[in-house]
Amino acid sequence: MKLHPLDTAIILIYFVFAISAGIWVARRGAKDLNSYFLGGKNLPWYYLGVSNASGMFDISGTMWLVYVLFIYGLKSIWLPWVWPTFNQIFLMIFVSAWLRRSNVLTGAEWIQTRFGRGTGANLAHLSVVLFALVNVVGMLAYGFKGIGKFADVMLPWRFTDHTDGLFSNSNIYAIIILSLTSVYAIKGGMVSVVITEVMQFTILTLTSIIIGLFAMFKVSPDMIKSAVPAGWTSPFFGVHLGLDWSGILPQANAAIQQDGNGLFGIIFGLMFFKGVMASLAGPAPNYDMQRVLATRNTREASLMSGLVNVVLMFPRYFMIAGLTVLALVFFMPQLHNMAKPDFEELLPNVLQYVPSGVVGLLLAGLIAAFMSNFAATLNAAPAYLVNDIYKRFINPQSAPRTDVFLSRVASVVVLAVGILFGLLTTRITDVMMWIVGALYGGYVMANVLKWIWWRFNGYGYFYGMLAGIVSAMIVPSIVQNIVGYRVNALYLFPIILGVSIIGCVAGTFGSEPEEEATLKHFYKSVRPWGFWGPIREKVIAEDPAFKPNRDFGRDTLNVMVGIIWQLTMVTMPIYIVLRQWNAVALIGVLFIATSTILKFNWYDKLETT
């Protein structure tokens, strides 16, 4: 696509403005590790909520969501559960409050509040650092591949004639954009990231409204109906997906087969089970966890996570629906002429149908989405290397300025490794599915048990995490060699989870329980529900005024209501763009009903601390 000079000027002006703003506020984030990584725990919850939403509004994820809505129709609303998107509901209902009560800097530092400082706790601590670094590198590779594909289609400059391989044009674009974005993310830490993300989310929201309205103006319901197979506008399914593109676009059937989603009922069950486990485990040690730890108190931690659902879902899906219907109507002839189209590139290809000038603004917004996610991800990594390795095991008395300097050096190193892995990947979907399907399979069990079972100890955590991470790295290759093709990582989740459970149980019962004082302090300060009977009795015996957490039933009900509430904010903008007003009205009623329940059964009962 050839950009109009006006569009190019808008993009360049945005880059200069965003990077300059990030550097300008960087001085606030350079005092010590607390200010660098958590903004001094003095940022308003609504800033953090918008920042968190902006970080999730990433370009790779948006490209993938356009792809799945195009191919799977309304049935695609379930596919983001692979992350799972409804983990934000668990966070807003109770997990954010539990996490914030720990009052620590990173997820690895949190370990000592649960397991103390013995050998088992140190091993557990190191396993979290390992997972965090592997996860961050994977996310950087995921972002690298997405921005590279996007820029290669949208931006006019050609650095090489190669379309694939290590030195392809898309890879060179990705290296340049990652390097530019890292300037302010590395220099200023959390404050720079949050301030620039709030600015970027404003652009993204405006962008989303423009795309959605433009699509509604250009595309009629009849045009959409003639471009999609039967069942495309329904979110419901059976054991099989129930979509057949044979008479319209046979290549779409091949994409479904490549994704391994034909048996959609099984995929849905695996996504939901894995999603519940991952949500109970709490946020992975990345930017999502940082935003929770950066809030001022437990009430604001819960409100911040709730706000993410409100400000993220509607505008993002309004944009995704708009881009999808434009692709269905205007880009279909080009897809017919491709033997094997790359549906992950639908998003940049579709923007050629948007007027000049508007394209520049849209591109600035989409690049802002990438910059938000990338900066937040990169900012999460050095905390684990500096705070959890250097300061804990090498130089506990290091000066604050030294810590910040080393954090910047660590960011550069992690960035380089992320770029290297990005160069070695080919598809956004493959990277994403390995992260959320395989790698998270090794994460969830140890991190569920740490909240709810008193007997679980540091050795159990370490062996469970280690077994899970190692199996996530080798099981996909082993299975692929056996069956002869790449298997959807979700099918591997039970295997990896099972290996992790064995590690958790063997490590726990092969060693002594944690010290009673550590367990009592954790239970009394964090106040989780679960299997804490022996510790609960001792805490109450020492402090009769202590009130145990009896909210399991209410939290469970609120989570179920909250998931439905979140789904209304996903489906409503899609049906608005499709102009199916009966569905919009029904979803609107459901949204009001679920909001009312959450107001009285969640918001009114939040702690005031």
# chains A, B, ... in the order shown; residues from 1 in each chain; ligands from 1
$ residues_around --residues "A:Asn488" --least-positions-apart "2" --cutoff "7 Å" --atoms "only C-alpha atoms" --output "MDAnalysis selection string"
chainID A and resid 259:260 486 490:491
$ write_last_selection --atoms "N, CA, C and O atoms" --output "CSV table (one decimal), in the first residue's frame"
chain,number,residue,atom,x,y,z
A,259,ASP,N,-5.5,-24.0,12.2
A,259,ASP,CA,-5.6,-23.6,13.6
A,259,ASP,C,-6.0,-24.8,14.5
A,259,ASP,O,-5.8,-24.7,15.8
A,260,GLY,N,-6.5,-25.9,14.0
A,260,GLY,CA,-6.9,-27.0,14.8
A,260,GLY,C,-8.2,-26.8,15.6
A,260,GLY,O,-8.4,-27.4,16.6
A,486,ARG,N,2.0,-29.8,13.3
A,486,ARG,CA,1.9,-28.9,14.5
A,486,ARG,C,0.5,-29.1,15.1
A,486,ARG,O,-0.5,-28.9,14.4
A,490,LEU,N,-3.5,-25.9,22.8
A,490,LEU,CA,-4.5,-26.2,23.8
A,490,LEU,C,-4.7,-27.6,24.1
A,490,LEU,O,-5.0,-28.0,25.2
A,491,TYR,N,-4.5,-28.5,23.1
A,491,TYR,CA,-4.6,-29.9,23.3
A,491,TYR,C,-3.5,-30.4,24.2
A,491,TYR,O,-3.6,-31.5,24.8
$ residues_around --residues "A:Phe217" --least-positions-apart "6" --cutoff "12 Å" --atoms "only C-alpha atoms" --output "JSON, numbers by chain"
{"A": [210, 211, 322, 325, 326, 354, 577, 578, 579]}
$ write_last_selection --atoms "all heavy atoms" --output "PDB file, in the first residue's frame"
ATOM      1  N   ILE A 210     -13.822   6.011  14.552  1.00  0.00           N
ATOM      2  CA  ILE A 210     -13.761   6.360  13.128  1.00  0.00           C
ATOM      3  C   ILE A 210     -13.912   5.121  12.258  1.00  0.00           C
ATOM      4  O   ILE A 210     -14.697   5.097  11.300  1.00  0.00           O
ATOM      5  CB  ILE A 210     -12.432   7.071  12.812  1.00  0.00           C
ATOM      6  CG1 ILE A 210     -12.416   8.455  13.457  1.00  0.00           C
ATOM      7  CG2 ILE A 210     -12.228   7.193  11.296  1.00  0.00           C
ATOM      8  CD1 ILE A 210     -11.080   9.165  13.329  1.00  0.00           C
ATOM      9  N   ILE A 211     -13.176   4.054  12.584  1.00  0.00           N
ATOM     10  CA  ILE A 211     -13.232   2.837  11.765  1.00  0.00           C
ATOM     11  C   ILE A 211     -14.626   2.218  11.814  1.00  0.00           C
ATOM     12  O   ILE A 211     -15.179   1.821  10.783  1.00  0.00           O
ATOM     13  CB  ILE A 211     -12.182   1.821  12.242  1.00  0.00           C
ATOM     14  CG1 ILE A 211     -10.786   2.313  11.917  1.00  0.00           C
ATOM     15  CG2 ILE A 211     -12.401   0.459  11.580  1.00  0.00           C
ATOM     16  CD1 ILE A 211      -9.682   1.366  12.331  1.00  0.00           C
ATOM     17  N   GLY A 322     -15.412  -3.194  12.543  1.00  0.00           N
ATOM     18  CA  GLY A 322     -15.350  -2.333  11.373  1.00  0.00           C
ATOM     19  C   GLY A 322     -14.335  -2.826  10.355  1.00  0.00           C
ATOM     20  O   GLY A 322     -14.616  -2.893   9.149  1.00  0.00           O
ATOM     21  N   VAL A 325     -15.664  -6.167   8.568  1.00  0.00           N
ATOM     22  CA  VAL A 325     -16.689  -6.046   7.529  1.00  0.00           C
ATOM     23  C   VAL A 325     -16.120  -5.365   6.285  1.00  0.00           C
ATOM     24  O   VAL A 325     -16.519  -5.688   5.148  1.00  0.00           O
ATOM     25  CB  VAL A 325     -17.947  -5.306   8.043  1.00  0.00           C
ATOM     26  CG1 VAL A 325     -18.563  -6.043   9.214  1.00  0.00           C
ATOM     27  CG2 VAL A 325     -17.655  -3.861   8.416  1.00  0.00           C
ATOM     28  N   LEU A 326     -15.173  -4.438   6.451  1.00  0.00           N
ATOM     29  CA  LEU A 326     -14.507  -3.853   5.279  1.00  0.00           C
ATOM     30  C   LEU A 326     -13.747  -4.928   4.514  1.00  0.00           C
ATOM     31  O   LEU A 326     -13.757  -4.959   3.279  1.00  0.00           O
ATOM     32  CB  LEU A 326     -13.566  -2.733   5.714  1.00  0.00           C
ATOM     33  CG  LEU A 326     -14.215  -1.442   6.224  1.00  0.00           C
ATOM     34  CD1 LEU A 326     -13.152  -0.506   6.798  1.00  0.00           C
ATOM     35  CD2 LEU A 326     -14.994  -0.742   5.111  1.00  0.00           C
ATOM     36  N   VAL A 354      -9.693   3.085   3.298  1.00  0.00           N
ATOM     37  CA  VAL A 354     -10.016   4.228   4.149  1.00  0.00           C
ATOM     38  C   VAL A 354      -9.411   5.482   3.524  1.00  0.00           C
ATOM     39  O   VAL A 354      -8.308   5.439   2.994  1.00  0.00           O
ATOM     40  CB  VAL A 354      -9.451   4.012   5.571  1.00  0.00           C
ATOM     41  CG1 VAL A 354      -9.725   5.208   6.466  1.00  0.00           C
ATOM     42  CG2 VAL A 354     -10.058   2.748   6.178  1.00  0.00           C
ATOM     43  N   VAL A 577     -22.072  -2.682  14.585  1.00  0.00           N
ATOM     44  CA  VAL A 577     -21.485  -2.523  13.248  1.00  0.00           C
ATOM     45  C   VAL A 577     -22.240  -3.345  12.225  1.00  0.00           C
ATOM     46  O   VAL A 577     -22.451  -2.904  11.080  1.00  0.00           O
ATOM     47  CB  VAL A 577     -19.994  -2.916  13.281  1.00  0.00           C
ATOM     48  CG1 VAL A 577     -19.405  -2.936  11.875  1.00  0.00           C
ATOM     49  CG2 VAL A 577     -19.199  -1.949  14.162  1.00  0.00           C
ATOM     50  N   LEU A 578     -22.702  -4.542  12.617  1.00  0.00           N
ATOM     51  CA  LEU A 578     -23.496  -5.378  11.700  1.00  0.00           C
ATOM     52  C   LEU A 578     -24.917  -4.865  11.539  1.00  0.00           C
ATOM     53  O   LEU A 578     -25.656  -5.347  10.674  1.00  0.00           O
ATOM     54  CB  LEU A 578     -23.534  -6.825  12.223  1.00  0.00           C
ATOM     55  CG  LEU A 578     -22.208  -7.571  12.314  1.00  0.00           C
ATOM     56  CD1 LEU A 578     -22.415  -8.969  12.882  1.00  0.00           C
ATOM     57  CD2 LEU A 578     -21.520  -7.648  10.958  1.00  0.00           C
ATOM     58  N   ARG A 579     -25.309  -3.930  12.414  1.00  0.00           N
ATOM     59  CA  ARG A 579     -26.649  -3.321  12.425  1.00  0.00           C
ATOM     60  C   ARG A 579     -27.751  -4.363  12.640  1.00  0.00           C
ATOM     61  O   ARG A 579     -28.813  -4.313  12.021  1.00  0.00           O
ATOM     62  CB  ARG A 579     -26.889  -2.519  11.141  1.00  0.00           C
ATOM     63  CG  ARG A 579     -26.172  -1.190  11.155  1.00  0.00           C
ATOM     64  CD  ARG A 579     -26.436  -0.374   9.928  1.00  0.00           C
ATOM     65  NE  ARG A 579     -25.503  -0.694   8.860  1.00  0.00           N
ATOM     66  CZ  ARG A 579     -25.462  -0.089   7.685  1.00  0.00           C
ATOM     67  NH1 ARG A 579     -26.313   0.878   7.418  1.00  0.00           N
ATOM     68  NH2 ARG A 579     -24.594  -0.439   6.772  1.00  0.00           N
TER      69      ARG A 579
END
$ closest_residue --among "A:Leu270, A:Ala281, A:Leu123, A:Leu79" --to "A:Val570" --atoms "only C-alpha atoms"
A:Leu79
$ closest_atom_pairs --of "stretch 291-404 of chain A" --to "stretch 166-174 of chain A" --cutoff "12 Å" --atoms "only C-alpha atoms" --output "tab-separated table"
residue	atom	partner	partner_atom	distance
A:Glu345	CA	A:Ser170	CA	11.8
A:Ile367	CA	A:Ala174	CA	11.3
A:Phe370	CA	A:Ala174	CA	10.7
A:Met371	CA	A:Ala174	CA	11.4
A:Phe374	CA	A:Ala174	CA	11.4
$ closest_residue --among "A:Ile176, A:Ile419, A:Ile474, A:Ala506" --to "A:Leu492" --atoms "only C-alpha atoms"
A:Ile474
$ residues_around --residues "stretch 521-538 of chain A" --least-positions-apart "4" --cutoff "12 Å" --atoms "only C-alpha atoms" --output "VMD selection string"
chain A and resid 94 to 103 110 to 116 280 298 448 to 456 513 to 517 542 to 556
$ residues_around --residues "A:Ala141" --least-positions-apart "3" --cutoff "8 Å" --atoms "only C-alpha atoms" --output "list in words"
Val137, Gly138, Phe144, Lys145, Gly418, Ile419, Leu420, Phe421, Gly422, Leu423, Thr425 and Val431 of chain A
$ closest_atom_pairs --of "stretch 276-320 of chain A" --to "stretch 68-74 of chain A" --cutoff "12 Å" --atoms "only C-alpha atoms" --output "JSON lines"
{"residue": "A:Tyr317", "atom": "CA", "partner": "A:Leu69", "partner_atom": "CA", "distance": 9.9}
{"residue": "A:Phe318", "atom": "CA", "partner": "A:Leu69", "partner_atom": "CA", "distance": 11.9}
{"residue": "A:Met319", "atom": "CA", "partner": "A:Leu69", "partner_atom": "CA", "distance": 11.6}
{"residue": "A:Ile320", "atom": "CA", "partner": "A:Leu69", "partner_atom": "CA", "distance": 7.9}
